[in-house]
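Q: Below are the structure tokens for one structure; questions will follow.
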Amino acid sequence: MRKSVVLVTGANGELGHGLIETMSEGGHDSILALDLVPIEEGMRRRCRETFVGDILDRDLMERIVSQYEVREIYHLAALLSTRAEFTPETAHRVNVEGTMNLLQVALEQSSWRGDPVKFLFPSSIAVYGMPDLETKRTAGPIPEHKWTSPTTMYGCNKLYCENLGRYFARFYRQLAEAEDSRAVDFRGIRFPGLISATTMPTGGTSDYGPEMIHAAARGDAYACFVRPDTVIPFMAMPDAVEAFLQLARADRNALSLCVYNITSFSLSADDFRTHVERAFPDAKISFQPHLKRQAIVDSWPAEVDDRAARRDWGFDPKFDMERAFDEYLLPTIRDRYATR
Ligand code: AKB
């Protein structure tokens with residue numbers, strides 16, 4: 001019989017790292033990791049098997065399911081917001097068609113198992129499109145259903161995939177005479193900007209936060225590409241990973257939404273600089289806004305309303321701004337660069 005496994009796509013990314021590390025430290029021995037480039041050595045030993053390949057490659061998917069029964073999918077592979085603007089058509093293929101492929105794998109596996117496959121999907125604050133700065137400043141925390149007119153390809157892709165997931169979970173082949181026993185247990189989180197102490201983000205537009213800290217720790221100068229007064233929500237990576245795992249474990253009957261906002265703290269780029277300079281007094285941080293990337297960040301909310309996640313599955317982040325800097329980011333980042 002096939003071994004039952006959890007498939008993680010985009011495994012080499014920041015969230016993939018955090019997730020695989022946490023799952024394997026919790027004793028998980030059935031992780032399959034998939035990425036376009038070979039899975040890093042340190043991660044490989046945490047996985048049952050690793051695959052190098054494209055999520056658009058149906059033959060690869062067939063090969064995986066011929067060997068393994070997939071019971072859970074963490075579909076993390078995506079082109080992020082800045083990178084997607086350089087190649088929007090490719091972004092659409094990877095972000096949308098790739099997700100469609102994985103949803104079909106989930107559907108098929110659900111039918112083999114006789115039980116819906118859990119499909120964990122990282123969405124983003126990029127699904128929002130605040131119309132102007134005044135609205136962004138005065139709107140307060142934005143709930144899931146408001147201001148969902150994204151301006152980026154990535155945001156459009158994520159929003160559409162949220163809807164695809166909801167369709168596969170609740171309405172798949174709704175006109176069929178016979179009740180279709182296949183379904184996907186789709187669960188999504190709209191993540192804020194994520195900050196990891198151990199990996200660097202690539203291709204995103206919220207990257208200025210983590211880039212500022214890592215540059216200061218390395219002793220490099222950093223020119224921040226947004227204005228000092230720019231505010232978006234952020235979260236420390238351990239809270240993001242824990243939230244994903246917590247949502248995966250949640251009782252399905254308690255979930256009133258398919259996709260949830262979560263947040264830890266909102267802060268301005270200038271607040272970020274203040275924190276970084278306090279920890280690294282020699283940091284050389286300047287502001288040189290890139291007008292077009294600025295416009296993207298300005299279209300994202302300053303705060304999101306995550307009451308549904310707190311109520312339905314007990315989301316409760318450990319790291320507020322102070323703790324994120326003092327107890328997670330700074331000690332870990334200092335260690336990381338001190339040993340180089
Ligand atoms: C990005 O900047 O594209 C991502 C995101 C906010 O989803 N970090």
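Each chain in the structure tokens gets a letter, A, B, ..., in the order shown, and its residues are numbered from 1; ligands are numbered from 1 in order too.
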Excluding Ala221 in chain A and residues on its chain fewer than 4 positions from it, collect all residues at most 7 Å away from it, counting only C-alpha atoms, and give them as a list in words.
A: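 Once the nearby chain positions are removed, what remains is Ala215, Ala216, Ala283, Lys284 and Ile285 of chain A.
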Q: Identify, counting only C-alpha atoms and all ligand atoms, the protein, DNA and RNA residues located within 7 Å of ligand 1, and give them as a PDB file with N, CA, C and O atoms, in the first residue's frame.
A:
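Result file follows (part.pdb):
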```
ATOM      1  N   LEU A  80       6.063  35.802  -5.780  1.00  0.00           N
ATOM      2  CA  LEU A  80       5.550  36.861  -4.906  1.00  0.00           C
ATOM      3  C   LEU A  80       5.319  38.172  -5.672  1.00  0.00           C
ATOM      4  O   LEU A  80       5.588  38.268  -6.869  1.00  0.00           O
ATOM      5  N   SER A  81       4.853  39.180  -4.911  1.00  0.00           N
ATOM      6  CA  SER A  81       4.264  40.360  -5.561  1.00  0.00           C
ATOM      7  C   SER A  81       5.196  41.166  -6.456  1.00  0.00           C
ATOM      8  O   SER A  81       4.785  41.620  -7.520  1.00  0.00           O
ATOM      9  N   THR A  82       6.452  41.369  -6.034  1.00  0.00           N
ATOM     10  CA  THR A  82       7.341  42.169  -6.892  1.00  0.00           C
ATOM     11  C   THR A  82       7.754  41.350  -8.101  1.00  0.00           C
ATOM     12  O   THR A  82       7.630  41.800  -9.249  1.00  0.00           O
ATOM     13  N   SER A 123      -2.516  32.607   1.617  1.00  0.00           N
ATOM     14  CA  SER A 123      -2.884  33.791   0.850  1.00  0.00           C
ATOM     15  C   SER A 123      -2.174  34.983   1.495  1.00  0.00           C
ATOM     16  O   SER A 123      -1.203  34.786   2.249  1.00  0.00           O
ATOM     17  N   SER A 124      -2.635  36.180   1.222  1.00  0.00           N
ATOM     18  CA  SER A 124      -1.790  37.326   1.579  1.00  0.00           C
ATOM     19  C   SER A 124      -2.617  38.600   1.727  1.00  0.00           C
ATOM     20  O   SER A 124      -3.705  38.726   1.121  1.00  0.00           O
ATOM     21  N   ILE A 125      -2.039  39.568   2.452  1.00  0.00           N
ATOM     22  CA  ILE A 125      -2.658  40.901   2.491  1.00  0.00           C
ATOM     23  C   ILE A 125      -2.671  41.530   1.101  1.00  0.00           C
ATOM     24  O   ILE A 125      -3.335  42.541   0.889  1.00  0.00           O
ATOM     25  N   ALA A 126      -1.949  40.928   0.140  1.00  0.00           N
ATOM     26  CA  ALA A 126      -1.937  41.460  -1.227  1.00  0.00           C
ATOM     27  C   ALA A 126      -3.296  41.303  -1.922  1.00  0.00           C
ATOM     28  O   ALA A 126      -3.504  41.879  -2.993  1.00  0.00           O
ATOM     29  N   PHE A 191      -1.709  35.893   5.057  1.00  0.00           N
ATOM     30  CA  PHE A 191      -0.572  36.272   5.893  1.00  0.00           C
ATOM     31  C   PHE A 191      -0.202  37.736   5.683  1.00  0.00           C
ATOM     32  O   PHE A 191      -0.276  38.248   4.573  1.00  0.00           O
ATOM     33  N   PRO A 192       0.246  38.389   6.766  1.00  0.00           N
ATOM     34  CA  PRO A 192       0.831  39.732   6.620  1.00  0.00           C
ATOM     35  C   PRO A 192       2.283  39.575   6.142  1.00  0.00           C
ATOM     36  O   PRO A 192       2.685  38.475   5.758  1.00  0.00           O
ATOM     37  N   GLY A 193       3.075  40.640   6.152  1.00  0.00           N
ATOM     38  CA  GLY A 193       4.496  40.520   5.825  1.00  0.00           C
ATOM     39  C   GLY A 193       5.154  39.610   6.865  1.00  0.00           C
ATOM     40  O   GLY A 193       4.971  39.813   8.064  1.00  0.00           O
ATOM     41  N   LEU A 194       5.887  38.613   6.420  1.00  0.00           N
ATOM     42  CA  LEU A 194       6.512  37.668   7.369  1.00  0.00           C
ATOM     43  C   LEU A 194       7.978  38.016   7.551  1.00  0.00           C
ATOM     44  O   LEU A 194       8.659  38.403   6.597  1.00  0.00           O
ATOM     45  N   GLY A 203      11.677  38.451  -3.685  1.00  0.00           N
ATOM     46  CA  GLY A 203      10.620  38.684  -4.667  1.00  0.00           C
ATOM     47  C   GLY A 203       9.348  39.298  -4.116  1.00  0.00           C
ATOM     48  O   GLY A 203       8.379  39.481  -4.841  1.00  0.00           O
ATOM     49  N   GLY A 204       9.333  39.646  -2.821  1.00  0.00           N
ATOM     50  CA  GLY A 204       8.130  40.244  -2.254  1.00  0.00           C
ATOM     51  C   GLY A 204       8.249  41.759  -2.176  1.00  0.00           C
ATOM     52  O   GLY A 204       9.302  42.340  -2.480  1.00  0.00           O
ATOM     53  N   THR A 205       7.157  42.413  -1.736  1.00  0.00           N
ATOM     54  CA  THR A 205       7.199  43.869  -1.594  1.00  0.00           C
ATOM     55  C   THR A 205       7.173  44.261  -0.123  1.00  0.00           C
ATOM     56  O   THR A 205       7.463  45.403   0.229  1.00  0.00           O
ATOM     57  N   SER A 206       6.855  43.301   0.742  1.00  0.00           N
ATOM     58  CA  SER A 206       6.970  43.570   2.178  1.00  0.00           C
ATOM     59  C   SER A 206       8.397  43.275   2.659  1.00  0.00           C
ATOM     60  O   SER A 206       8.677  43.368   3.853  1.00  0.00           O
ATOM     61  N   ASP A 207       9.280  42.959   1.725  1.00  0.00           N
ATOM     62  CA  ASP A 207      10.636  42.523   2.095  1.00  0.00           C
ATOM     63  C   ASP A 207      11.487  43.607   2.773  1.00  0.00           C
ATOM     64  O   ASP A 207      12.527  43.295   3.351  1.00  0.00           O
TER      65      ASP A 207
END
```
Q: With range 14-21 of chain A as the partner and 9 Å as the cut-off, tabulate the residues of range 68-149 of chain A that qualify, each row holding the nearest pair of atoms and their distance in Å to one decimal, using only C-alpha atoms, sorted by chain and rising number, as a Markdown table.
A:
```
| residue | atom | partner | partner_atom | distance |
| --- | --- | --- | --- | --- |
| A:Tyr74 | CA | A:Gly16 | CA | 8.6 |
| A:Leu76 | CA | A:Gly16 | CA | 6.9 |
| A:Ala77 | CA | A:Gly16 | CA | 8.8 |
```
Q: Keeping only C-alpha atoms, write those residues as a compact mmCIF listing (two decimals), in the first residue's frame.
A:
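Output below, filename out08.txt:
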```
# COMPACT_ATOMS: atom_id res chain seq x y z
CA TYR A 74 0.72 22.74 2.12
CA LEU A 76 3.41 27.22 -0.70
CA ALA A 77 4.93 27.53 -4.19
```
Q: From the DSSP assignment of the backbone, select every residue of range 179-315 of chain A that is alpha helix (DSSP H), and format the answer as a PyMOL selection string.
A: chain A and resi 208-218+237-249+269-279+291-298+307-313
Q: A:Glu89, A:Asp132, A:Asp298, A:Asp57: which is nearest Val105 in chain A, counting only C-alpha atoms?
A: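 Closest to Val105 in chain A, using only C-alpha atoms: A:Asp57.
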Q: Please determine, counting only C-alpha atoms, which residue among A:Arg273, A:Asn12, A:Phe86, A:Gly209 has the shortest atom-to-atom distance to Glu41 in chain A.
A: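 Among the listed residues, the smallest separation from Glu41 in chain A belongs to A:Asn12.
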Q: Taking only range 89-245 of chain A into account, list the residues labelled strand (DSSP E or B) by DSSP (computed from the backbone), as a PyMOL selection string.
A: chain A and resi 117-124+142+184-191+193-195+221-224+231-236
Q: Expressed in Å to a single decimal, how great is the separation between CA of Ile189 in chain A and CA of Glu108 in chain A?
A: 23.4 Å
Q: Have a look at A:Val65, A:Leu245, A:Val70, A:Ala91 and name the one nearest to Val117 in chain A; count only C-alpha atoms.
A: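 That would be A:Val70, the residue with the smallest distance to Val117 in chain A.
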Q: What's the 8 Å shell around Lys3 in chain A, counting only C-alpha atoms, without same-chain residues fewer than 3 positions away, as a list in words?
A: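 Within the cut-off, the hits are Gln67, Tyr68 and Glu69 of chain A.
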Q: Could you please take those selected residues and save N, CA and C atoms as a PDB file, in the first residue's frame?
A:
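The resulting part-v4.pdb:
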```pdb
ATOM      1  N   GLN A  67       3.297   6.704  -5.807  1.00  0.00           N
ATOM      2  CA  GLN A  67       4.095   6.162  -4.700  1.00  0.00           C
ATOM      3  C   GLN A  67       3.479   6.430  -3.330  1.00  0.00           C
ATOM      4  N   TYR A  68       2.773   7.558  -3.242  1.00  0.00           N
ATOM      5  CA  TYR A  68       2.309   7.997  -1.914  1.00  0.00           C
ATOM      6  C   TYR A  68       0.832   8.359  -1.926  1.00  0.00           C
ATOM      7  N   GLU A  69       0.189   8.150  -0.782  1.00  0.00           N
ATOM      8  CA  GLU A  69      -1.170   8.654  -0.597  1.00  0.00           C
ATOM      9  C   GLU A  69      -1.049  10.005   0.118  1.00  0.00           C
TER      10      GLU A  69
END
```
Q: Identify, on the basis of only C-alpha atoms, every residue whose closest approach to Ser30 in chain A does not exceed 9 Å; exclude the query and any residue fewer than 2 positions from it along the same chain; express the result as JSON, numbers by chain.
A: {"A": [3, 4, 5, 6, 7, 24, 28, 32, 47, 48, 49]}
Q: Tell me which protein, DNA and RNA residues are within 9 Å of Asp35 in chain A, counting only C-alpha atoms, leaving out same-chain ones fewer than 3 positions away, and put them as a PDB file with C-alpha atoms, in the first residue's frame.
A:
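Once everything was written out, this is around16.pdb:
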```
ATOM      1  CA  VAL A   8       4.827  20.639   0.910  1.00  0.00           C
ATOM      2  CA  THR A   9       5.306  22.576  -2.346  1.00  0.00           C
ATOM      3  CA  GLY A  10       7.681  25.542  -2.522  1.00  0.00           C
ATOM      4  CA  ALA A  11       9.566  23.795   0.271  1.00  0.00           C
ATOM      5  CA  ASN A  12      12.730  25.864  -0.115  1.00  0.00           C
ATOM      6  CA  GLY A  13      10.918  29.133   0.554  1.00  0.00           C
ATOM      7  CA  PRO A  38      17.071  20.882  -4.966  1.00  0.00           C
ATOM      8  CA  ILE A  39      15.932  20.914  -1.353  1.00  0.00           C
ATOM      9  CA  THR A  50      12.250  15.289  -1.752  1.00  0.00           C
ATOM     10  CA  PHE A  51      11.369  16.059  -5.362  1.00  0.00           C
ATOM     11  CA  VAL A  52      12.853  18.635  -7.704  1.00  0.00           C
ATOM     12  CA  GLY A  53      10.329  19.815 -10.246  1.00  0.00           C
ATOM     13  CA  ASP A  54       7.578  22.104 -11.361  1.00  0.00           C
ATOM     14  CA  ILE A  55       4.093  22.147  -9.868  1.00  0.00           C
ATOM     15  CA  ALA A  77       4.931  27.525  -4.187  1.00  0.00           C
TER      16      ALA A  77
END
```
Q: What lies within 8 Å of Met200 in chain A using only C-alpha atoms, ignoring chain neighbours under 2 positions off, as a PyMOL selection string?
A: chain A and resi 14+196-198+202+210-211+214
Q: Those residues you just picked out, can you put them in a file as a PDB file, in the first residue's frame with N, CA and C atoms?
A:
```pdb
ATOM      1  N   GLU A  14      10.752  30.588   2.475  1.00  0.00           N
ATOM      2  CA  GLU A  14      10.855  30.929   3.905  1.00  0.00           C
ATOM      3  C   GLU A  14       9.842  30.173   4.760  1.00  0.00           C
ATOM      4  N   SER A 196      11.495  36.422   9.028  1.00  0.00           N
ATOM      5  CA  SER A 196      12.215  35.270   9.568  1.00  0.00           C
ATOM      6  C   SER A 196      13.616  35.694   9.977  1.00  0.00           C
ATOM      7  N   ALA A 197      14.086  35.113  11.064  1.00  0.00           N
ATOM      8  CA  ALA A 197      15.441  35.422  11.515  1.00  0.00           C
ATOM      9  C   ALA A 197      16.459  34.550  10.799  1.00  0.00           C
ATOM     10  N   THR A 198      15.995  33.486  10.173  1.00  0.00           N
ATOM     11  CA  THR A 198      16.963  32.541   9.618  1.00  0.00           C
ATOM     12  C   THR A 198      17.019  32.521   8.100  1.00  0.00           C
ATOM     13  N   THR A 202      12.578  36.683  -0.816  1.00  0.00           N
ATOM     14  CA  THR A 202      12.954  37.099  -2.171  1.00  0.00           C
ATOM     15  C   THR A 202      11.698  37.340  -2.995  1.00  0.00           C
ATOM     16  N   PRO A 210      12.259  42.769   6.752  1.00  0.00           N
ATOM     17  CA  PRO A 210      13.341  41.817   7.026  1.00  0.00           C
ATOM     18  C   PRO A 210      14.669  42.231   6.404  1.00  0.00           C
ATOM     19  N   GLU A 211      14.652  42.846   5.215  1.00  0.00           N
ATOM     20  CA  GLU A 211      15.925  43.247   4.590  1.00  0.00           C
ATOM     21  C   GLU A 211      16.677  44.250   5.473  1.00  0.00           C
ATOM     22  N   HIS A 214      18.329  42.294   8.470  1.00  0.00           N
ATOM     23  CA  HIS A 214      19.444  41.430   8.063  1.00  0.00           C
ATOM     24  C   HIS A 214      20.630  42.272   7.592  1.00  0.00           C
TER      25      HIS A 214
END
```
Q: Env of Glu303 in chain A: 7 Å cut, atoms = only C-alpha atoms, seq-sep filter 3 positions within chain, self excluded. Answer as a list in words.
A: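 The contact residues come out as Gly140, Pro141, Ile142, Ile232, Pro233 and Ser266 of chain A.
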Q: Those same residues - C-alpha atoms - I'd like them written as a PDB file, in the first residue's frame.
A:
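Result saved to out.pdb:
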```pdb
ATOM      1  CA  GLY A 140      -9.264  50.645  10.794  1.00  0.00           C
ATOM      2  CA  PRO A 141      -8.667  46.879  10.767  1.00  0.00           C
ATOM      3  CA  ILE A 142      -9.937  45.449   7.470  1.00  0.00           C
ATOM      4  CA  ILE A 232       1.499  47.324   6.962  1.00  0.00           C
ATOM      5  CA  PRO A 233       0.959  44.367   9.303  1.00  0.00           C
ATOM      6  CA  SER A 266       1.433  46.841  12.437  1.00  0.00           C
TER       7      SER A 266
END
```
Q: Check the smallest atom-to-atom distance from each of A:Ala324, A:Ala254, A:Val184, A:Ala84 to Met100 in chain A using only C-alpha atoms, then report the winner.
A: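 Answer, going by the shortest atom-to-atom distance: A:Val184.
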Q: Between A:Arg166, A:Ile296, A:Met235, A:Val259, which is the closest to Tyr328 in chain A once you count only C-alpha atoms?
A: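 Residue with the minimum atom-to-atom distance to Tyr328 in chain A: A:Met235.
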Q: Go through A:Arg46, A:Arg83, A:Ala309, A:Arg71 and flag the residue nearest Gly114 in chain A, using only C-alpha atoms for the distances.
A: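 Between A:Arg46, A:Arg83, A:Ala309, A:Arg71, the residue approaching Gly114 in chain A most closely is A:Arg71.
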Q: For CA of Arg307 in chain A and CA of Pro122 in chain A, quote the distance in Å rounded to one decimal.
A: 18.0 Å
